[in-house]
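Reproduced below: start-v3.pdb, with PDB, C-alpha atoms and all ligand atoms.
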```
ATOM      1  CA  MET V   1     145.069 130.645 104.728
ATOM      2  CA  ILE V   2     142.719 133.543 103.916
ATOM      3  CA  PRO V   3     143.663 135.731 100.950
ATOM      4  CA  THR V   4     143.763 139.513 101.151
ATOM      5  CA  GLY V   5     140.711 141.326  99.749
ATOM      6  CA  PHE V   6     140.397 141.707  95.995
ATOM      7  CA  GLU V   7     137.999 142.863  93.274
ATOM      8  CA  TYR V   8     136.648 140.330  90.785
ATOM      9  CA  GLU V   9     135.640 140.765  87.131
ATOM     10  CA  ARG V  10     134.484 138.170  84.599
ATOM     11  CA  PRO V  11     134.698 139.730  81.106
ATOM     12  CA  ASP V  12     133.302 137.943  78.044
ATOM     13  CA  SER V  13     135.966 138.980  75.513
ATOM     14  CA  VAL V  14     139.750 139.105  75.325
ATOM     15  CA  ALA V  15     139.598 142.833  74.507
ATOM     16  CA  ALA V  16     137.582 143.531  77.676
ATOM     17  CA  ALA V  17     139.975 141.426  79.762
ATOM     18  CA  VAL V  18     143.026 143.247  78.373
ATOM     19  CA  SER V  19     141.395 146.593  79.045
ATOM     20  CA  LEU V  20     140.714 145.609  82.678
ATOM     21  CA  LEU V  21     144.336 144.496  83.120
ATOM     22  CA  GLU V  22     145.650 147.674  81.505
ATOM     23  CA  ARG V  23     143.545 149.924  83.735
ATOM     24  CA  ALA V  24     144.479 148.068  86.930
ATOM     25  CA  GLY V  25     148.219 147.996  86.231
ATOM     26  CA  ASP V  26     150.483 145.615  88.141
ATOM     27  CA  GLY V  27     147.822 144.914  90.796
ATOM     28  CA  ALA V  28     145.658 142.753  88.526
ATOM     29  CA  ARG V  29     146.067 139.084  87.609
ATOM     30  CA  PRO V  30     144.238 136.913  85.078
ATOM     31  CA  LEU V  31     142.515 133.924  86.699
ATOM     32  CA  ALA V  32     142.401 130.673  84.710
ATOM     33  CA  GLY V  33     141.876 127.347  86.533
ATOM     34  CA  GLY V  34     143.037 128.912  89.797
ATOM     35  CA  HIS V  35     145.002 125.805  90.758
ATOM     36  CA  SER V  36     148.232 127.718  91.208
ATOM     37  CA  LEU V  37     147.059 131.292  91.730
ATOM     38  CA  LEU V  38     144.472 130.601  94.448
ATOM     39  CA  PRO V  39     146.849 128.541  96.651
ATOM     40  CA  MET V  40     149.415 131.325  96.290
ATOM     41  CA  MET V  41     146.812 133.888  97.343
ATOM     42  CA  LYS V  42     145.812 131.793 100.348
ATOM     43  CA  LEU V  43     149.470 131.612 101.387
ATOM     44  CA  ARG V  44     149.729 135.370 100.663
ATOM     45  CA  LEU V  45     152.526 134.765  98.196
ATOM     46  CA  ALA V  46     150.286 136.667  95.764
ATOM     47  CA  ALA V  47     147.940 139.501  96.711
ATOM     48  CA  PRO V  48     146.303 140.891  93.565
ATOM     49  CA  ASP V  49     143.858 143.816  93.912
ATOM     50  CA  LEU V  50     141.821 142.518  90.974
ATOM     51  CA  LEU V  51     141.214 139.056  89.544
ATOM     52  CA  VAL V  52     140.213 139.013  85.882
ATOM     53  CA  ASP V  53     138.483 135.659  85.478
ATOM     54  CA  LEU V  54     138.993 134.359  81.917
ATOM     55  CA  SER V  55     136.392 131.574  82.211
ATOM     56  CA  GLY V  56     133.642 133.622  80.523
ATOM     57  CA  ILE V  57     135.627 134.052  77.274
ATOM     58  CA  ALA V  58     134.425 131.293  74.947
ATOM     59  CA  ASP V  59     137.088 132.149  72.304
ATOM     60  CA  LEU V  60     139.830 130.978  74.671
ATOM     61  CA  ARG V  61     138.642 127.360  74.699
ATOM     62  CA  GLY V  62     139.014 124.585  72.177
ATOM     63  CA  ILE V  63     141.490 122.731  70.012
ATOM     64  CA  ARG V  64     141.590 123.179  66.226
ATOM     65  CA  ASP V  65     143.617 122.040  63.246
ATOM     66  CA  ALA V  66     145.591 124.991  61.823
ATOM     67  CA  GLU V  67     147.447 123.320  58.917
ATOM     68  CA  ASP V  68     151.069 123.093  60.102
ATOM     69  CA  HIS V  69     150.165 123.251  63.804
ATOM     70  CA  VAL V  70     147.405 122.536  66.278
ATOM     71  CA  ALA V  71     145.986 125.635  67.959
ATOM     72  CA  VAL V  72     144.957 125.113  71.574
ATOM     73  CA  GLY V  73     142.962 127.843  73.329
ATOM     74  CA  ALA V  74     144.632 129.015  76.520
ATOM     75  CA  MET V  75     141.611 128.135  78.703
ATOM     76  CA  THR V  76     141.467 124.551  77.445
ATOM     77  CA  THR V  77     141.814 122.309  80.480
ATOM     78  CA  HIS V  78     144.484 119.647  80.899
ATOM     79  CA  ALA V  79     141.660 117.049  80.800
ATOM     80  CA  GLU V  80     140.438 118.367  77.434
ATOM     81  CA  VAL V  81     143.989 118.364  76.056
ATOM     82  CA  ALA V  82     144.520 114.811  77.312
ATOM     83  CA  ALA V  83     141.289 113.634  75.630
ATOM     84  CA  SER V  84     141.869 115.364  72.282
ATOM     85  CA  ASP V  85     141.789 112.990  69.281
ATOM     86  CA  LEU V  86     143.331 115.731  67.144
ATOM     87  CA  LEU V  87     146.350 116.079  69.424
ATOM     88  CA  ALA V  88     146.618 112.306  69.863
ATOM     89  CA  ALA V  89     146.947 111.990  66.077
ATOM     90  CA  ALA V  90     149.041 115.088  65.267
ATOM     91  CA  CYS V  91     151.214 115.577  68.357
ATOM     92  CA  PRO V  92     150.576 112.874  70.947
ATOM     93  CA  VAL V  93     153.222 114.090  73.409
ATOM     94  CA  VAL V  94     151.063 117.070  74.360
ATOM     95  CA  ALA V  95     148.032 114.924  75.181
ATOM     96  CA  GLU V  96     150.189 112.416  77.064
ATOM     97  CA  ALA V  97     151.926 115.103  79.132
ATOM     98  CA  ALA V  98     148.556 116.668  80.013
ATOM     99  CA  ALA V  99     147.266 113.269  81.149
ATOM    100  CA  GLY V 100     150.183 113.072  83.608
ATOM    101  CA  ILE V 101     149.575 116.442  85.272
ATOM    102  CA  GLY V 102     148.467 116.178  88.908
ATOM    103  CA  ASP V 103     145.236 114.339  89.624
ATOM    104  CA  MET V 104     141.790 114.417  88.040
ATOM    105  CA  GLN V 105     140.670 117.501  89.966
ATOM    106  CA  VAL V 106     143.760 119.418  88.845
ATOM    107  CA  ARG V 107     143.307 118.315  85.230
ATOM    108  CA  ASN V 108     139.638 119.279  85.244
ATOM    109  CA  ARG V 109     140.348 122.854  86.399
ATOM    110  CA  GLY V 110     143.945 123.616  85.395
ATOM    111  CA  THR V 111     144.520 125.012  81.897
ATOM    112  CA  ILE V 112     147.299 124.790  79.351
ATOM    113  CA  GLY V 113     147.543 128.589  79.227
ATOM    114  CA  GLY V 114     147.705 128.812  83.005
ATOM    115  CA  ALA V 115     150.446 126.184  83.199
ATOM    116  CA  LEU V 116     152.574 128.036  80.620
ATOM    117  CA  ALA V 117     151.920 131.528  82.018
ATOM    118  CA  HIS V 118     152.637 130.312  85.554
ATOM    119  CA  ALA V 119     155.940 128.753  84.415
ATOM    120  CA  ASP V 120     156.659 126.765  87.556
ATOM    121  CA  ALA V 121     160.219 125.374  87.497
ATOM    122  CA  HIS V 122     158.801 121.834  87.841
ATOM    123  CA  ALA V 123     155.845 122.099  85.441
ATOM    124  CA  ASP V 124     155.485 119.624  82.589
ATOM    125  CA  MET V 125     154.016 121.639  79.718
ATOM    126  CA  PRO V 126     156.793 124.260  79.425
ATOM    127  CA  ALA V 127     159.378 121.541  78.720
ATOM    128  CA  VAL V 128     157.072 119.886  76.187
ATOM    129  CA  LEU V 129     156.428 123.133  74.293
ATOM    130  CA  LEU V 130     160.153 123.969  74.359
ATOM    131  CA  ALA V 131     161.151 120.585  72.923
ATOM    132  CA  LEU V 132     158.522 120.865  70.189
ATOM    133  CA  GLY V 133     159.648 124.384  69.262
ATOM    134  CA  GLY V 134     156.090 125.639  69.754
ATOM    135  CA  SER V 135     154.888 129.124  70.523
ATOM    136  CA  VAL V 136     152.104 131.107  72.182
ATOM    137  CA  ILE V 137     149.983 134.050  71.116
ATOM    138  CA  ALA V 138     149.732 136.956  73.563
ATOM    139  CA  GLU V 139     147.128 139.698  73.323
ATOM    140  CA  GLY V 140     147.811 143.071  74.935
ATOM    141  CA  PRO V 141     146.843 146.758  74.640
ATOM    142  CA  SER V 142     148.982 147.182  71.505
ATOM    143  CA  GLY V 143     147.712 144.081  69.754
ATOM    144  CA  SER V 144     148.757 140.501  69.403
ATOM    145  CA  ARG V 145     152.216 138.948  69.210
ATOM    146  CA  GLN V 146     153.656 135.483  68.842
ATOM    147  CA  ILE V 147     156.249 134.386  71.405
ATOM    148  CA  ALA V 148     158.413 131.343  70.680
ATOM    149  CA  ALA V 149     158.678 128.894  73.566
ATOM    150  CA  ASP V 150     162.446 129.511  73.419
ATOM    151  CA  ASP V 151     161.799 133.133  74.450
ATOM    152  CA  LEU V 152     158.877 132.619  76.844
ATOM    153  CA  PHE V 153     160.348 131.147  80.029
ATOM    154  CA  LEU V 154     162.668 133.538  81.854
ATOM    155  CA  ASP V 155     162.765 132.353  85.475
ATOM    156  CA  HIS V 156     160.700 130.506  88.104
ATOM    157  CA  MET V 157     157.138 131.843  87.636
ATOM    158  CA  THR V 158     158.434 134.525  85.268
ATOM    159  CA  THR V 159     157.705 134.704  81.556
ATOM    160  CA  ALA V 160     158.042 137.209  78.716
ATOM    161  CA  LEU V 161     154.319 138.060  79.094
ATOM    162  CA  SER V 162     153.727 141.553  80.422
ATOM    163  CA  ALA V 163     151.224 142.236  83.214
ATOM    164  CA  ASP V 164     148.584 143.516  80.771
ATOM    165  CA  GLU V 165     148.928 140.657  78.269
ATOM    166  CA  ILE V 166     146.780 137.556  78.067
ATOM    167  CA  LEU V 167     148.087 134.318  76.655
ATOM    168  CA  THR V 168     145.303 133.403  74.230
ATOM    169  CA  GLU V 169     146.539 130.435  72.203
ATOM    170  CA  VAL V 170     149.198 127.739  72.274
ATOM    171  CA  ARG V 171     150.622 126.661  68.894
ATOM    172  CA  VAL V 172     151.775 123.077  68.847
ATOM    173  CA  PRO V 173     153.777 121.952  65.788
ATOM    174  CA  LYS V 174     152.491 118.725  64.256
ATOM    175  CA  LEU V 175     155.127 116.165  65.174
ATOM    176  CA  ARG V 176     154.460 112.599  66.219
ATOM    177  CA  SER V 177     158.078 111.676  67.057
ATOM    178  CA  ALA V 178     158.240 113.373  70.454
ATOM    179  CA  ALA V 179     157.935 112.102  74.009
ATOM    180  CA  TYR V 180     157.920 113.348  77.604
ATOM    181  CA  VAL V 181     158.954 111.354  80.671
ATOM    182  CA  LYS V 182     159.202 112.468  84.277
ATOM    183  CA  PHE V 183     160.533 111.070  87.538
ATOM    184  CA  THR V 184     158.193 111.624  90.462
ATOM    185  CA  ASN V 185     158.415 110.625  94.115
ATOM    186  CA  ARG V 186     154.842 109.339  94.086
ATOM    187  CA  ALA V 187     152.248 108.878  91.357
ATOM    188  CA  GLN V 188     150.675 112.221  90.343
ATOM    189  CA  ASP V 189     153.445 114.277  91.921
ATOM    190  CA  TRP V 190     155.150 117.191  90.266
ATOM    191  CA  ALA V 191     158.268 116.234  88.292
ATOM    192  CA  THR V 192     161.449 115.929  90.289
ATOM    193  CA  VAL V 193     163.014 115.991  86.837
ATOM    194  CA  GLY V 194     161.233 115.662  83.497
ATOM    195  CA  ALA V 195     162.569 115.486  79.949
ATOM    196  CA  ALA V 196     160.874 116.100  76.619
ATOM    197  CA  ALA V 197     162.498 115.145  73.326
ATOM    198  CA  ALA V 198     161.339 115.844  69.785
ATOM    199  CA  VAL V 199     163.248 114.048  67.038
ATOM    200  CA  ALA V 200     163.119 114.936  63.345
ATOM    201  CA  GLY V 201     165.607 114.519  60.499
ATOM    202  CA  GLY V 202     168.220 112.937  62.761
ATOM    203  CA  ARG V 203     168.252 115.978  65.058
ATOM    204  CA  ALA V 204     166.630 116.410  68.462
ATOM    205  CA  ARG V 205     165.240 119.279  70.485
ATOM    206  CA  ILE V 206     165.474 118.308  74.148
ATOM    207  CA  ALA V 207     164.050 120.219  77.120
ATOM    208  CA  LEU V 208     164.219 119.617  80.858
ATOM    209  CA  THR V 209     162.091 120.601  83.817
ATOM    210  CA  GLY V 210     163.158 120.497  87.466
ATOM    211  CA  VAL V 211     166.865 121.226  86.883
ATOM    212  CA  ALA V 212     166.873 125.024  86.718
ATOM    213  CA  SER V 213     164.705 128.003  87.627
ATOM    214  CA  HIS V 214     162.646 127.425  84.459
ATOM    215  CA  ALA V 215     162.218 124.854  81.700
ATOM    216  CA  ILE V 216     165.440 124.784  79.733
ATOM    217  CA  ARG V 217     166.924 123.238  76.571
ATOM    218  CA  ALA V 218     169.565 120.539  77.137
ATOM    219  CA  ALA V 219     171.895 122.175  74.628
ATOM    220  CA  ALA V 220     174.909 119.876  75.056
ATOM    221  CA  ALA V 221     172.787 116.742  74.632
ATOM    222  CA  GLU V 222     171.129 118.207  71.530
ATOM    223  CA  GLN V 223     174.529 118.961  69.993
ATOM    224  CA  ALA V 224     175.870 115.514  70.835
ATOM    225  CA  PHE V 225     172.871 113.670  69.350
ATOM    226  CA  ASP V 226     173.557 112.167  65.914
ATOM    227  CA  GLY V 227     170.290 110.331  65.397
ATOM    228  CA  SER V 228     171.269 107.042  67.028
ATOM    229  CA  ASN V 229     173.712 107.618  69.962
ATOM    230  CA  LEU V 230     171.018 107.940  72.625
ATOM    231  CA  ALA V 231     173.128 107.052  75.677
ATOM    232  CA  GLN V 232     176.104 109.232  74.698
ATOM    233  CA  ALA V 233     173.897 112.223  73.946
ATOM    234  CA  ALA V 234     171.860 111.726  77.137
ATOM    235  CA  ALA V 235     175.051 111.605  79.215
ATOM    236  CA  ARG V 236     175.523 115.291  78.318
ATOM    237  CA  ALA V 237     172.014 116.276  79.504
ATOM    238  CA  ALA V 238     173.128 118.198  82.584
ATOM    239  CA  ASP V 239     176.289 119.717  81.079
ATOM    240  CA  GLY V 240     176.446 123.402  81.949
ATOM    241  CA  LEU V 241     173.566 123.153  84.430
ATOM    242  CA  ALA V 242     173.680 123.444  88.225
ATOM    243  CA  PRO V 243     170.443 121.733  89.330
ATOM    244  CA  PRO V 244     169.166 122.960  92.718
ATOM    245  CA  SER V 245     169.059 120.835  95.856
ATOM    246  CA  ASP V 246     165.934 120.699  98.016
ATOM    247  CA  THR V 247     164.074 118.287 100.257
ATOM    248  CA  THR V 248     162.988 116.222  97.235
ATOM    249  CA  ALA V 249     166.371 115.655  95.617
ATOM    250  CA  SER V 250     169.961 116.830  95.697
ATOM    251  CA  GLY V 251     171.360 118.721  92.747
ATOM    252  CA  GLU V 252     173.651 115.779  92.052
ATOM    253  CA  PHE V 253     170.714 113.360  91.918
ATOM    254  CA  ARG V 254     168.762 115.723  89.638
ATOM    255  CA  ALA V 255     171.745 115.871  87.265
ATOM    256  CA  HIS V 256     171.804 112.067  87.180
ATOM    257  CA  LEU V 257     168.021 111.935  86.660
ATOM    258  CA  ALA V 258     168.353 114.341  83.739
ATOM    259  CA  THR V 259     170.621 111.896  81.904
ATOM    260  CA  VAL V 260     168.245 108.974  82.556
ATOM    261  CA  MET V 261     165.086 110.915  81.631
ATOM    262  CA  VAL V 262     166.651 112.283  78.435
ATOM    263  CA  GLU V 263     167.710 108.822  77.272
ATOM    264  CA  ARG V 264     164.188 107.499  77.936
ATOM    265  CA  ALA V 265     162.548 110.452  76.187
ATOM    266  CA  LEU V 266     164.804 110.085  73.136
ATOM    267  CA  ARG V 267     164.097 106.342  72.991
ATOM    268  CA  ALA V 268     160.335 106.865  73.287
ATOM    269  CA  ALA V 269     160.383 109.609  70.624
ATOM    270  CA  ILE V 270     162.349 107.452  68.181
ATOM    271  CA  ASP V 271     160.233 104.347  68.832
ATOM    272  CA  ARG V 272     156.955 106.071  67.893
TER     273      ARG V 272
HETATM  274  P1  LIG S   1     145.922 129.802  87.481
HETATM  275  O1  LIG S   1     146.268 129.212  88.800
HETATM  276  O2  LIG S   1     144.576 130.409  87.345
HETATM  277  O3  LIG S   1     146.992 130.921  87.095
HETATM  278  C1  LIG S   1     148.379 130.694  87.276
HETATM  279  C2  LIG S   1     149.161 131.950  86.861
HETATM  280  O4  LIG S   1     149.106 132.146  85.457
HETATM  281  C3  LIG S   1     148.596 133.252  87.469
HETATM  282  O5  LIG S   1     149.670 134.146  87.687
HETATM  283  C4  LIG S   1     147.698 133.792  86.384
HETATM  284  O6  LIG S   1     147.534 135.195  86.469
HETATM  285  C5  LIG S   1     148.454 133.376  85.123
HETATM  286  N1  LIG S   1     147.593 133.085  83.978
HETATM  287  C6  LIG S   1     146.704 132.078  83.892
HETATM  288  N2  LIG S   1     146.160 132.046  82.664
HETATM  289  C7  LIG S   1     146.703 133.056  81.978
HETATM  290  C8  LIG S   1     146.545 133.533  80.649
HETATM  291  N3  LIG S   1     145.723 132.926  79.781
HETATM  292  N4  LIG S   1     147.264 134.605  80.263
HETATM  293  C9  LIG S   1     148.119 135.211  81.120
HETATM  294  N5  LIG S   1     148.316 134.795  82.386
HETATM  295  C10 LIG S   1     147.620 133.728  82.806
HETATM  296  N6  LIG S   1     151.454 121.114  87.023
HETATM  297  C11 LIG S   1     152.271 120.314  86.314
HETATM  298  O7  LIG S   1     152.826 120.743  85.310
HETATM  299  N7  LIG S   1     152.504 119.009  86.698
HETATM  300  C12 LIG S   1     151.929 118.463  87.805
HETATM  301  O8  LIG S   1     152.141 117.281  88.068
HETATM  302  C13 LIG S   1     151.084 119.290  88.587
HETATM  303  N8  LIG S   1     150.505 118.819  89.709
HETATM  304  C14 LIG S   1     149.691 119.637  90.441
HETATM  305  C15 LIG S   1     149.128 119.145  91.620
HETATM  306  C16 LIG S   1     148.320 119.958  92.392
HETATM  307  C17 LIG S   1     147.722 119.397  93.652
HETATM  308  C18 LIG S   1     148.045 121.301  91.977
HETATM  309  C19 LIG S   1     147.149 122.186  92.780
HETATM  310  C20 LIG S   1     148.599 121.795  90.808
HETATM  311  C21 LIG S   1     149.427 120.974  90.039
HETATM  312  N9  LIG S   1     150.008 121.449  88.865
HETATM  313  C22 LIG S   1     150.850 120.635  88.143
HETATM  314  C23 LIG S   1     149.749 122.823  88.386
HETATM  315  C24 LIG S   1     148.587 122.814  87.409
HETATM  316  O9  LIG S   1     149.042 122.391  86.142
HETATM  317  C25 LIG S   1     147.982 124.213  87.289
HETATM  318  O10 LIG S   1     146.778 124.033  86.634
HETATM  319  C26 LIG S   1     148.817 125.241  86.502
HETATM  320  O11 LIG S   1     150.057 125.461  87.045
HETATM  321  C27 LIG S   1     148.161 126.611  86.497
HETATM  322  O12 LIG S   1     147.084 126.567  85.651
HETATM  323  P2  LIG S   1     145.731 127.259  86.057
HETATM  324  O13 LIG S   1     144.878 127.214  84.846
HETATM  325  O14 LIG S   1     145.203 126.639  87.306
HETATM  326  O15 LIG S   1     146.201 128.784  86.291
END
```

Any chance you could put this one into structure tokens?
Amino acid sequence: MIPTGFEYERPDSVAAAVSLLERAGDGARPLAGGHSLLPMMKLRLAAPDLLVDLSGIADLRGIRDAEDHVAVGAMTTHAEVAASDLLAAACPVVAEAAAGIGDMQVRNRGTIGGALAHADAHADMPAVLLALGGSVIAEGPSGSRQIAADDLFLDHMTTALSADEILTEVRVPKLRSAAYVKFTNRAQDWATVGAAAAVAGGRARIALTGVASHAIRAAAAEQAFDGSNLAQAAARAADGLAPPSDTTASGEFRAHLATVMVERALRAAIDR
């Protein structure tokens, strides 16, 4: 329950943070809300030599209107995302999903950038960003790059970010007709299975959490969707997937939940 020893730095700019990460190599980790990294360190599942605390970088916080999208700073907390009037008006699914993450303590410390960079297989925000077709901005030693959500999530707790890159901004397309629903064992639990759907022009982007090693598009359901056949499209939600079994749910039950969650998400997106 006691982490291994580590150095600690709290830079006040993204450039300084990137430089610290670059110099330290693979042994350094950015620290955001600490709600995933610190428990992992206490369990010794992570043992960084250096923590680069991003909380002193004012540029990484805040939510602003950026014409065709809403730009959310990586260090914006789930509570701030949930309370955002701008997101509620332009892309309510993001605010609603943030409001359903963990409990108040988690939402007050955990950040949208941390949730996406951590990429837990059961996390909510990766599926939401995937369904919306959003992206993130990453800043590293050779500059900044935009990574589409489709290319970001590679495996459980593994993303396309390199060890010396910082996720600085989340770009959320403005789309009201999107929804996220999740099945949990108890209120405020992680998703056993969650589904996000974004509907526009009779087509849908659909993403699932809790059915694979990372958030994943429900490709067969997307292809089957014709704008109105919610149940038939949702029935294809788990096609091609082999959801894992664990103490929370069997793979078979997760596959069933995927069909139910996708139908509900499509219905909620269309009914907006
Ligand atoms: P940290 O723990 O600080 O960091 C997590 C990882 O991301 C680390 O590897 C870190 O180096 C990296 N990282 C962080 N920020 C950046 C960045 N800007 N650039 C590059 N790398 C970065 N999540 C859900 O989705 N749904 C839930 O229902 C849910 N319930 C929870 C319940 C509890 C009790 C707890 C403790 C957590 C829960 N979470 C849930 C996770 C929560 O959303 C965390 O806040 C999130 O996973 C990590 O965000 P963080 O800001 O705390 O990141």

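Taking atom CA of V:Glu80 and atom CA of V:Gly194 as endpoints, the distance between them is 21.8 Å.
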
Distance filter 7 Å around ligand LIG 1 (chain S), atoms: all atoms listed in the file, out as a PyMOL selection string:
chain V and resi 29-38+74-75+100-103+106-107+109-115+117-118+120+122-125+165-168+188-191

Pick out the closest residue to V:Ala121 from this set: V:His156, V:Lys42, V:Arg145, V:Arg217. Count all atoms listed in the file.
V:His156

In Å to one decimal, how far is atom CA of V:Asp12 from atom CA of V:Gly62?
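Computing it gives 15.7 Å between the two atoms.
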
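Closest to V:Ala66 among V:Ala16, V:Ala99, V:Leu241, V:Leu86 is V:Leu86, based on only C-alpha atoms.
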
Please define a box with edges along x, y and z of the file around all atoms of stretch 68-85 of chain V given in the file, extend it by 5 Å on each side, and return its centre and edge lengths in Å to one decimal, as lines of an AutoDock Vina configuration file.
```
center_x = 145.8
center_y = 121.0
center_z = 70.5
size_x = 20.6
size_y = 26.0
size_z = 30.8
```

Considering only C-alpha atoms, can you say which of V:Ala265, V:Ile147, V:Leu175, V:Ala196 comes closest to V:Ala89?
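Checking each candidate against V:Ala89, we get V:Leu175 as the closest.
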
Please write the residues picked by the PyMOL selection byres (((chain V and resi 177-187) around 9) and not hetatm) on this file as an NGL selection string.
:V and (91-94 or 96-97 or 102 or 124 or 127-128 or 131-132 or 175-176 or 188-200 or 209 or 248 or 257 or 261-262 or 264-272)

Using only C-alpha atoms, what residues lie at most 10 Å away from (149.1, 146.8, 89.8) (file coordinates), given as a list of chain:residue names?
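The requested residues, written out, are V:Leu21, V:Glu22, V:Arg23, V:Ala24, V:Gly25, V:Asp26, V:Gly27, V:Ala28, V:Arg29, V:Pro48, V:Asp49, V:Leu50, V:Ala163, V:Asp164.
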
Given the file above and the PyMOL selection byres (((chain V and resi 228-232) around 8) and not hetatm), which residues are selected, and can you give them as JSON, numbers by chain?
{"V": [202, 224, 225, 226, 227, 233, 234, 235, 236, 263, 266, 267]}

Can you give me, as a PDB file with C-alpha atoms, keeping the file's coordinate frame, the residues this file yields under the PyMOL selection byres (((chain V and resi 150) around 10) and not hetatm)?
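Output saved as selection_17.pdb:
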```
ATOM      1  CA  PRO V 126     156.793 124.260  79.425  1.00  0.00           C
ATOM      2  CA  LEU V 129     156.428 123.133  74.293  1.00  0.00           C
ATOM      3  CA  LEU V 130     160.153 123.969  74.359  1.00  0.00           C
ATOM      4  CA  ALA V 131     161.151 120.585  72.923  1.00  0.00           C
ATOM      5  CA  GLY V 133     159.648 124.384  69.262  1.00  0.00           C
ATOM      6  CA  GLY V 134     156.090 125.639  69.754  1.00  0.00           C
ATOM      7  CA  SER V 135     154.888 129.124  70.523  1.00  0.00           C
ATOM      8  CA  ILE V 147     156.249 134.386  71.405  1.00  0.00           C
ATOM      9  CA  ALA V 148     158.413 131.343  70.680  1.00  0.00           C
ATOM     10  CA  ALA V 149     158.678 128.894  73.566  1.00  0.00           C
ATOM     11  CA  ASP V 151     161.799 133.133  74.450  1.00  0.00           C
ATOM     12  CA  LEU V 152     158.877 132.619  76.844  1.00  0.00           C
ATOM     13  CA  PHE V 153     160.348 131.147  80.029  1.00  0.00           C
ATOM     14  CA  LEU V 154     162.668 133.538  81.854  1.00  0.00           C
ATOM     15  CA  ALA V 215     162.218 124.854  81.700  1.00  0.00           C
ATOM     16  CA  ILE V 216     165.440 124.784  79.733  1.00  0.00           C
ATOM     17  CA  ARG V 217     166.924 123.238  76.571  1.00  0.00           C
TER      18      ARG V 217
END
```

With the input short on atoms, add all heavy atoms back to stretch 268-272 of chain V and write it as a compact mmCIF listing (two decimals), in the frame of the given file.
```
# COMPACT_ATOMS: atom_id res chain seq x y z
N ALA V 268 161.79 106.89 73.53
CA ALA V 268 160.34 106.86 73.29
C ALA V 268 159.98 107.67 72.04
O ALA V 268 159.09 107.28 71.27
CB ALA V 268 159.60 107.42 74.51
N ALA V 269 160.68 108.79 71.81
CA ALA V 269 160.38 109.61 70.62
C ALA V 269 160.74 108.85 69.35
O ALA V 269 159.99 108.84 68.37
CB ALA V 269 161.16 110.92 70.71
N ILE V 270 161.89 108.18 69.37
CA ILE V 270 162.35 107.45 68.18
C ILE V 270 161.49 106.22 67.91
O ILE V 270 161.22 105.87 66.77
CB ILE V 270 163.84 107.06 68.36
CG1 ILE V 270 164.70 108.31 68.17
CG2 ILE V 270 164.26 105.96 67.41
CD1 ILE V 270 166.13 108.13 68.56
N ASP V 271 161.02 105.58 68.97
CA ASP V 271 160.23 104.35 68.83
C ASP V 271 158.80 104.59 68.39
O ASP V 271 158.06 103.65 68.16
CB ASP V 271 160.22 103.57 70.16
CG ASP V 271 161.54 102.88 70.40
OD1 ASP V 271 162.36 102.85 69.46
OD2 ASP V 271 161.75 102.38 71.51
N ARG V 272 158.36 105.82 68.28
CA ARG V 272 156.96 106.07 67.89
C ARG V 272 156.65 105.58 66.48
O ARG V 272 157.42 105.70 65.61
CB ARG V 272 156.66 107.56 67.97
CG ARG V 272 156.27 107.96 69.36
CD ARG V 272 155.53 109.29 69.33
NE ARG V 272 155.24 109.72 70.66
CZ ARG V 272 154.20 109.30 71.38
NH1 ARG V 272 153.35 108.43 70.88
NH2 ARG V 272 154.00 109.73 72.59
```
